[in-house]
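> Dropping in target-v6.txt, which is compact mmCIF, C-alpha atoms:
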# COMPACT_ATOMS: atom_id res chain seq x y z
CA MET W 5 -8.64 8.37 13.94
CA SER W 6 -11.70 6.12 13.73
CA VAL W 7 -11.21 2.40 13.18
CA SER W 8 -12.90 2.41 9.76
CA ILE W 9 -10.72 5.27 8.51
CA ALA W 10 -7.60 3.63 9.96
CA TYR W 11 -8.44 0.33 8.26
CA LEU W 12 -9.01 2.02 4.89
CA ALA W 13 -5.79 4.01 5.34
CA VAL W 14 -3.74 0.86 5.99
CA LEU W 15 -5.31 -0.86 2.97
CA LEU W 16 -4.58 2.02 0.61
CA ILE W 17 -1.11 2.78 1.98
CA TRP W 18 0.05 -0.84 1.92
CA SER W 19 -1.26 -1.17 -1.64
CA THR W 20 0.63 1.89 -2.90
CA THR W 21 3.83 1.56 -0.85
CA PRO W 22 5.60 -0.97 -3.16
CA LEU W 23 5.12 1.30 -6.19
CA GLY W 24 6.25 4.28 -4.13
CA ILE W 25 9.42 2.41 -3.17
CA VAL W 26 10.15 1.60 -6.82
CA TRP W 27 9.61 5.20 -7.92
CA SER W 28 11.59 6.77 -5.07
CA SER W 29 14.54 4.49 -5.84
CA GLU W 30 14.65 5.34 -9.54
CA SER W 31 16.89 8.38 -9.12
CA ILE W 32 17.68 8.35 -5.40
CA ASN W 33 20.00 5.69 -3.99
CA PRO W 34 17.81 3.14 -2.11
CA SER W 35 19.67 3.54 1.20
CA LEU W 36 19.29 7.32 1.00
CA ALA W 37 15.67 7.17 -0.15
CA VAL W 38 14.62 5.12 2.86
CA LEU W 39 16.66 7.33 5.21
CA LEU W 40 14.93 10.47 3.90
CA ARG W 41 11.58 8.74 4.27
CA MET W 42 12.21 7.93 7.91
CA LEU W 43 13.58 11.40 8.69
CA ILE W 44 10.42 12.98 7.28
CA ALA W 45 8.20 10.68 9.32
CA LEU W 46 10.24 11.18 12.50
CA VAL W 47 10.31 14.99 12.32
CA LEU W 48 6.61 15.30 11.52
CA GLY W 49 5.71 12.70 14.13
CA ALA W 50 7.71 14.51 16.80
CA LEU W 51 5.92 17.76 15.94
CA VAL W 52 2.50 16.12 16.22
CA ILE W 53 3.50 14.53 19.53
CA LYS W 54 4.56 17.92 20.88
CA VAL W 55 1.42 19.74 19.67
CA ARG W 56 -0.94 17.06 21.00
CA LYS W 57 1.12 16.69 24.19
CA ILE W 58 1.26 12.90 23.91
CA ASN W 59 3.59 11.23 26.36
CA ILE W 60 6.35 8.97 25.01
CA PRO W 61 7.60 6.67 27.79
CA TRP W 62 11.29 5.71 27.76
CA HIS W 63 11.37 3.12 30.51
CA LYS W 64 12.86 -0.32 29.95
CA ASN W 65 9.65 -2.00 28.79
CA ALA W 66 8.88 0.81 26.35
CA LEU W 67 12.42 0.72 24.94
CA THR W 68 12.05 -3.00 24.39
CA LEU W 69 8.85 -2.38 22.42
CA TYR W 70 10.51 0.34 20.32
CA THR W 71 13.52 -1.87 19.64
CA TYR W 72 11.41 -4.81 18.51
CA SER W 73 9.33 -2.50 16.30
CA ALA W 74 12.48 -0.86 14.91
CA LEU W 75 13.76 -4.30 13.88
CA GLY W 76 10.84 -4.65 11.48
CA ILE W 77 11.08 -1.05 10.30
CA PHE W 78 14.81 -1.16 9.61
CA GLY W 79 15.18 -4.72 8.32
CA GLY W 80 11.88 -4.75 6.46
CA MET W 81 12.24 -1.34 4.84
CA LEU W 82 15.93 -1.43 3.94
CA CYS W 83 15.62 -4.86 2.32
CA SER W 84 12.45 -3.77 0.49
CA TYR W 85 14.26 -0.78 -0.99
CA LEU W 86 17.18 -2.95 -2.05
CA ALA W 87 14.75 -5.42 -3.64
CA ALA W 88 13.07 -2.63 -5.63
CA SER W 89 16.06 -2.50 -7.98
CA TYR W 90 15.29 -6.04 -9.14
CA LEU W 91 11.56 -6.71 -8.67
CA SER W 92 8.32 -5.09 -9.75
CA SER W 93 6.11 -3.45 -7.14
CA GLY W 94 3.38 -6.05 -7.71
CA ILE W 95 5.67 -9.00 -6.97
CA MET W 96 7.02 -7.24 -3.87
CA SER W 97 3.50 -6.83 -2.52
CA LEU W 98 2.65 -10.43 -3.37
CA VAL W 99 5.64 -11.77 -1.42
CA PHE W 100 4.84 -9.52 1.54
CA GLY W 101 1.42 -11.15 1.64
CA LEU W 102 3.20 -14.21 3.03
CA SER W 103 4.07 -12.38 6.26
CA PRO W 104 1.23 -14.00 8.30
CA VAL W 105 2.55 -17.43 7.30
CA ILE W 106 6.12 -16.57 8.33
CA SER W 107 4.79 -15.01 11.53
CA ALA W 108 2.99 -18.22 12.46
CA ILE W 109 6.15 -20.27 12.04
CA LEU W 110 8.20 -17.82 14.11
CA ALA W 111 5.49 -17.54 16.79
CA LYS W 112 5.53 -21.30 17.25
CA LYS W 113 9.29 -21.20 17.87
CA ILE W 114 9.55 -17.99 19.86
CA LEU W 115 6.24 -17.74 21.73
CA ALA W 116 5.64 -21.50 22.03
CA GLU W 117 2.27 -21.16 20.32
CA PRO W 118 0.27 -24.31 19.38
CA SER W 119 1.46 -26.50 16.53
CA ILE W 120 0.52 -25.44 13.01
CA SER W 121 -2.54 -27.35 11.81
CA SER W 122 -2.65 -29.61 8.77
CA VAL W 123 -4.86 -27.21 6.82
CA ARG W 124 -2.41 -24.37 7.46
CA LYS W 125 0.54 -26.52 6.41
CA LEU W 126 -1.33 -27.26 3.18
CA SER W 127 -2.04 -23.56 2.68
CA MET W 128 1.65 -22.72 3.18
CA ALA W 129 2.64 -25.28 0.56
CA ILE W 130 0.14 -23.84 -1.95
CA SER W 131 1.39 -20.29 -1.35
CA LEU W 132 5.05 -21.25 -1.67
CA ILE W 133 4.40 -23.17 -4.89
CA GLY W 134 2.53 -20.13 -6.21
CA LEU W 135 5.47 -17.91 -5.31
CA ALA W 136 7.81 -20.28 -7.14
CA VAL W 137 5.58 -20.06 -10.22
CA VAL W 138 5.68 -16.26 -10.08
CA CYS W 139 9.44 -16.13 -9.69
CA SER W 140 10.13 -18.75 -12.38
CA ASP W 141 9.06 -16.41 -15.17
CA ASN W 142 9.52 -12.95 -13.70
CA PHE W 143 13.24 -12.76 -13.03
CA THR W 144 16.35 -14.27 -14.54
CA LEU W 145 19.67 -15.16 -13.00
CA ALA W 146 21.33 -13.17 -15.77
CA ASP W 147 19.59 -10.01 -14.55
CA ASN W 148 20.50 -10.74 -10.92
CA GLY W 149 16.82 -11.14 -10.14
CA ILE W 150 17.65 -13.69 -7.49
CA TYR W 151 19.02 -10.85 -5.36
CA GLY W 152 15.63 -9.19 -5.43
CA VAL W 153 13.92 -12.35 -4.21
CA VAL W 154 16.48 -12.77 -1.41
CA PHE W 155 16.09 -9.14 -0.31
CA ILE W 156 12.28 -9.20 -0.28
CA LEU W 157 12.21 -12.52 1.60
CA LEU W 158 14.57 -11.02 4.17
CA ALA W 159 12.26 -8.01 4.40
CA VAL W 160 9.27 -10.26 5.10
CA PHE W 161 11.31 -12.21 7.66
CA PHE W 162 12.33 -9.10 9.62
CA PHE W 163 8.81 -7.66 9.43
CA SER W 164 7.29 -10.92 10.68
CA LEU W 165 9.93 -11.43 13.38
CA SER W 166 9.31 -7.90 14.64
CA GLY W 167 5.57 -8.50 14.86
CA VAL W 168 6.07 -11.71 16.85
CA LEU W 169 8.53 -10.09 19.26
CA VAL W 170 6.20 -7.13 19.80
CA LYS W 171 3.51 -9.56 20.95
CA SER W 172 5.80 -10.62 23.78
CA VAL W 173 5.80 -7.09 25.24
CA SER W 174 2.84 -6.30 27.47
CA ILE W 175 2.44 -2.53 27.55
CA ALA W 176 -0.24 0.02 26.61
CA ILE W 177 1.16 2.98 24.68
CA HIS W 178 -0.52 5.52 22.41
CA PRO W 179 -0.16 4.35 18.75
CA LEU W 180 1.53 7.59 17.74
CA ALA W 181 3.95 7.36 20.66
CA THR W 182 4.82 3.81 19.58
CA THR W 183 5.39 5.07 16.03
CA VAL W 184 7.67 7.95 17.01
CA GLY W 185 9.53 5.88 19.60
CA SER W 186 10.20 3.13 17.07
CA LEU W 187 11.31 5.63 14.41
CA THR W 188 13.65 7.23 16.93
CA VAL W 189 15.40 3.89 17.41
CA ALA W 190 15.35 2.88 13.73
CA THR W 191 16.41 6.12 12.02
CA PRO W 192 20.06 6.11 13.25
CA MET W 193 20.41 2.59 11.80
CA PHE W 194 19.25 3.90 8.42
CA LEU W 195 21.83 6.68 8.68
CA VAL W 196 24.62 4.19 9.32
CA SER W 197 23.46 1.93 6.46
CA TRP W 198 23.44 4.90 4.06
CA LEU W 199 26.96 5.91 5.12
CA LEU W 200 28.20 2.35 4.63
CA LEU W 201 26.36 1.55 1.37
CA ASP W 202 26.53 4.91 -0.39
CA GLY W 203 27.32 8.06 1.58
CA THR W 204 26.79 10.42 -1.38
CA LEU W 205 24.18 13.15 -1.82
CA PRO W 206 23.82 13.77 -5.60
CA VAL W 207 20.78 16.06 -5.36
CA GLU W 208 21.22 17.18 -8.98
CA LEU W 209 20.36 13.67 -10.16
CA TRP W 210 17.08 13.42 -8.29
CA GLN W 211 13.98 13.29 -10.48
CA GLU W 212 10.70 14.91 -9.52
CA LYS W 213 8.86 11.58 -9.42
CA SER W 214 11.36 10.15 -6.93
CA ILE W 215 11.14 13.23 -4.71
CA TRP W 216 7.34 13.17 -4.57
CA ALA W 217 7.35 9.41 -3.96
CA THR W 218 9.76 9.86 -1.04
CA LEU W 219 7.59 12.62 0.45
CA TYR W 220 4.50 10.45 0.07
CA LEU W 221 6.17 7.48 1.75
CA GLY W 222 7.51 9.64 4.58
CA ILE W 223 4.16 11.25 5.38
CA PHE W 224 1.68 8.53 4.47
CA GLY W 225 3.69 5.33 4.14
CA SER W 226 5.52 5.74 7.45
CA LEU W 227 3.92 8.25 9.83
CA ILE W 228 0.23 7.86 9.00
CA GLY W 229 0.63 4.26 7.89
CA PHE W 230 2.26 3.09 11.13
CA TYR W 231 -0.19 5.11 13.24
CA ALA W 232 -3.18 3.64 11.40
CA TYR W 233 -1.75 0.11 11.63
CA PHE W 234 -1.20 0.30 15.39
CA THR W 235 -4.73 1.71 15.75
CA VAL W 236 -6.22 -1.18 13.77
CA LEU W 237 -4.24 -3.74 15.77
CA GLN W 238 -5.64 -2.37 19.02
CA LYS W 239 -9.28 -2.26 17.89
CA LEU W 240 -9.90 -5.16 15.50
CA SER W 241 -9.53 -8.93 15.64
CA ALA W 242 -6.55 -10.59 13.99
CA SER W 243 -8.78 -12.13 11.29
CA ASN W 244 -10.02 -8.71 10.20
CA VAL W 245 -6.52 -7.28 10.09
CA THR W 246 -5.14 -10.16 8.03
CA LEU W 247 -7.75 -9.54 5.34
CA ILE W 248 -5.57 -6.61 4.31
CA THR W 249 -2.81 -8.98 3.16
CA LEU W 250 -5.29 -10.67 0.80
CA ILE W 251 -6.44 -7.44 -0.82
CA THR W 252 -3.27 -5.35 -1.12
CA PRO W 253 -1.41 -7.63 -3.61
CA VAL W 254 -4.33 -7.43 -6.05
CA ILE W 255 -4.41 -3.64 -5.87
CA ALA W 256 -0.61 -3.37 -6.01
CA LEU W 257 -0.40 -5.60 -9.09
CA SER W 258 -3.08 -3.50 -10.82
CA LEU W 259 -1.38 -0.21 -9.93
CA GLY W 260 2.01 -1.49 -11.09
CA ALA W 261 0.59 -2.52 -14.45
CA THR W 262 -1.46 0.66 -14.92
CA LEU W 263 0.91 3.34 -13.61
CA ASN W 264 4.33 1.78 -14.09
CA GLY W 265 3.89 -0.44 -17.14
CA GLU W 266 4.70 -3.62 -15.22
CA GLU W 267 3.94 -6.79 -17.18
CA ILE W 268 1.27 -9.18 -15.98
CA ASN W 269 1.75 -12.51 -17.75
CA ASP W 270 0.03 -15.88 -17.43
CA LYS W 271 2.51 -17.30 -14.91
CA LEU W 272 2.19 -14.22 -12.75
CA ILE W 273 -1.60 -14.53 -12.75
CA ILE W 274 -1.51 -18.28 -11.97
CA GLY W 275 1.15 -17.85 -9.28
CA ALA W 276 -0.64 -14.89 -7.70
CA PHE W 277 -3.88 -16.87 -7.63
CA MET W 278 -2.14 -19.78 -5.87
CA VAL W 279 -0.52 -17.45 -3.31
CA LEU W 280 -3.83 -15.75 -2.54
CA LEU W 281 -5.63 -19.10 -2.45
CA GLY W 282 -3.09 -20.41 0.03
CA LEU W 283 -3.39 -17.28 2.17
CA SER W 284 -7.19 -17.52 2.11
CA LEU W 285 -7.03 -21.15 3.18
CA TYR W 286 -4.51 -20.20 5.86
CA HIS W 287 -6.78 -17.56 7.38
CA PHE W 288 -10.17 -19.16 6.91
CA GLY W 289 -9.56 -22.88 6.36
CA HIS W 290 -10.62 -23.65 9.92
CA LEU W 291 -14.14 -22.52 8.99
CA ILE W 292 -14.50 -25.35 6.46
CA PRO W 293 -16.73 -28.00 8.14
CA GLY W 294 -14.66 -30.95 6.96
CA PHE W 295 -11.44 -29.62 8.41
CA LYS W 296 -13.08 -28.57 11.64
CA LYS W 297 -14.64 -31.96 12.25
CA LYS W 298 -11.34 -33.68 11.71
CA GLY W 299 -9.82 -31.45 14.35
CA VAL W 300 -6.98 -30.18 12.20
CA ASN W 301 -7.63 -26.50 12.79
CA ASN W 302 -5.69 -24.50 15.32
Show me this structure written as structure tokens.

Amino acid sequence: MSVSIAYLAVLLIWSTTPLGIVWSSESINPSLAVLLRMLIALVLGALVIKVRKINIPWHKNALTLYTYSALGIFGGMLCSYLAASYLSSGIMSLVFGLSPVISAILAKKILAEPSISSVRKLSMAISLIGLAVVCSDNFTLADNGIYGVVFILLAVFFFSLSGVLVKSVSIAIHPLATTVGSLTVATPMFLVSWLLLDGTLPVELWQEKSIWATLYLGIFGSLIGFYAYFTVLQKLSASNVTLITLITPVIALSLGATLNGEEINDKLIIGAFMVLLGLSLYHFGHLIPGFKKKGVNN
């Protein structure tokens, strides 16, 4: 897969995944929907690995990488599916855009990276205020919307923590091998969570839209999406990759409104603008001459 195609694939898949999660969970229990998604990705990935004769190492260092990656897959995905019962797909994507900010905070603690600059602290504050504006008018305590916010924030935390931990592992593995290895570790955890949270298989209740959404997420959202993401990470700079988090919320909000009838009100627009402004300042604030001269950039 070329870098340009991989980049476009990640952009499109990340933009459509939140809506796919919402649709797949409409008639399929969330814990089962995500389990089916991972099983589809794992089986197809294993077949591709076998056909292409790609080696999957299972030594200690590789297992560490798979475990760290599985932490983000399991924690991030399961919590995202649980959040889908309470939040719109657009808001889910918007909150996930904060993952680079959370990653920076965790990297400072775990990897002993340099202190966060003043401009980035300002950008974090702007983004968090924007998120508060979004949440203030788009869920109510009476509707248990707070659970959705907690679940999606946990999803972002696990996703970000996984990314930071992966950076601590120095190993060169084929992107598809990393994907299949990580899914191999994560899928049993999804099975256990389904057994504990639900354990039923009411196939007669499944709607066609949920089935197609689950198939899409298994093939594109997981297998191709993870493969493309690992490819992009290996070939492009961090600044180019993080641009994706600025674009996907806009597309996801538009898709949610157009295809799923999700409401876009004034507070959502204002809050989304503040979140994206904060993220833009976070990624590119160091390029502003005034900040650079004052030496507050990282």
> I'd like the neighbourhood of region 72-86 of chain W as a list in words, where a residue qualifies if any of its atoms comes within 6 Å (using only C-alpha atoms), though same-chain residues fewer than 4 positions away should be ignored.
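Contacts, in chain order: Pro34, Phe155, Ile156, Ala159, Phe162, Phe163, Ser166, Val170, Ser186 and Ala190 of chain W.
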> For Leu257 (chain W), which of W:Gly24, W:Ile95, W:Ile32, W:Leu67 is the closest residue, counting only C-alpha atoms?
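Smallest distance to Leu257 (chain W) is found for W:Ile95.
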> Taking all atoms listed in the file into account, name the residue in W:Tyr11, W:Trp18, W:Phe194, W:Tyr286 that is nearest to Ala256 (chain W).
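Once distances to Ala256 (chain W) are computed over all atoms listed in the file, the minimum belongs to W:Trp18.
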> Report, in Å to a single decimal, how far apart CA of Tyr233 (chain W) and CA of Thr183 (chain W) are.
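CA of Thr183 (chain W) sits 9.7 Å away from CA of Tyr233 (chain W).
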> Suppose you want the space between CA of Trp198 (chain W) and CA of Ser28 (chain W); what is it in Å?
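CA of Ser28 (chain W) lies at a distance of 15.1 Å from CA of Trp198 (chain W).
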> Taking all atoms listed in the file into account, which of W:Ile106, W:Leu36, W:Val196, W:Ala111 comes nearest Met128 (chain W)?
W:Ile106
> Give me the residues within 12 Å of Val154 (chain W) as a PyMOL selection string, counting only C-alpha atoms and dropping any in the same chain fewer than 5 places off.
chain W and resi 83-84+86-88+90-91+96+99+139+148-149+159-161
> I need the residue nearest Ile17 (chain W) from this list: W:Leu209, W:Met42, W:Ile268, W:Ile248. Use only C-alpha atoms for the distance.
W:Ile248
> Tell me which of W:Gly94, W:Gly185, W:Pro22, W:Gly265 sits closest to His63 (chain W), counting only C-alpha atoms.
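Using only C-alpha atoms, the shortest distance to His63 (chain W) belongs to W:Gly185.
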> Do a neighbour search on region 279-285 of chain W at 7 Å with all atoms listed in the file, toss out local chain neighbours closer than 6 positions, and write the hits as a ChimeraX atom specification.
/W:127-128,130-132,134-135,250
> W:Glu266, W:Ser174, W:Phe288, W:Ile215: which is nearest Leu69 (chain W), counting only C-alpha atoms?
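For Leu69 (chain W), the nearest of the given residues is W:Ser174.
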> Would you compute the distance between CA of Thr252 (chain W) and CA of Thr20 (chain W)? Give it in Å to one decimal.
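Calculated distance between CA of Thr252 (chain W) and CA of Thr20 (chain W) is 8.4 Å.
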> Using only C-alpha atoms, which residues sit within 10 Å of region 46-59 of chain W once same-chain residues fewer than 5 positions away are excluded, as a PDB file with C-alpha atoms, in the coordinates of the input?

ATOM      1  CA  LEU W  40      14.930  10.470   3.900  1.00  0.00           C
ATOM      2  CA  ARG W  41      11.580   8.740   4.270  1.00  0.00           C
ATOM      3  CA  ILE W 177       1.160   2.980  24.680  1.00  0.00           C
ATOM      4  CA  HIS W 178      -0.520   5.520  22.410  1.00  0.00           C
ATOM      5  CA  LEU W 180       1.530   7.590  17.740  1.00  0.00           C
ATOM      6  CA  ALA W 181       3.950   7.360  20.660  1.00  0.00           C
ATOM      7  CA  THR W 183       5.390   5.070  16.030  1.00  0.00           C
ATOM      8  CA  VAL W 184       7.670   7.950  17.010  1.00  0.00           C
ATOM      9  CA  GLY W 185       9.530   5.880  19.600  1.00  0.00           C
ATOM     10  CA  SER W 186      10.200   3.130  17.070  1.00  0.00           C
ATOM     11  CA  LEU W 187      11.310   5.630  14.410  1.00  0.00           C
ATOM     12  CA  THR W 188      13.650   7.230  16.930  1.00  0.00           C
ATOM     13  CA  ALA W 190      15.350   2.880  13.730  1.00  0.00           C
ATOM     14  CA  THR W 191      16.410   6.120  12.020  1.00  0.00           C
ATOM     15  CA  GLY W 222       7.510   9.640   4.580  1.00  0.00           C
ATOM     16  CA  ILE W 223       4.160  11.250   5.380  1.00  0.00           C
ATOM     17  CA  SER W 226       5.520   5.740   7.450  1.00  0.00           C
ATOM     18  CA  LEU W 227       3.920   8.250   9.830  1.00  0.00           C
ATOM     19  CA  ILE W 228       0.230   7.860   9.000  1.00  0.00           C
ATOM     20  CA  TYR W 231      -0.190   5.110  13.240  1.00  0.00           C
TER      21      TYR W 231
END
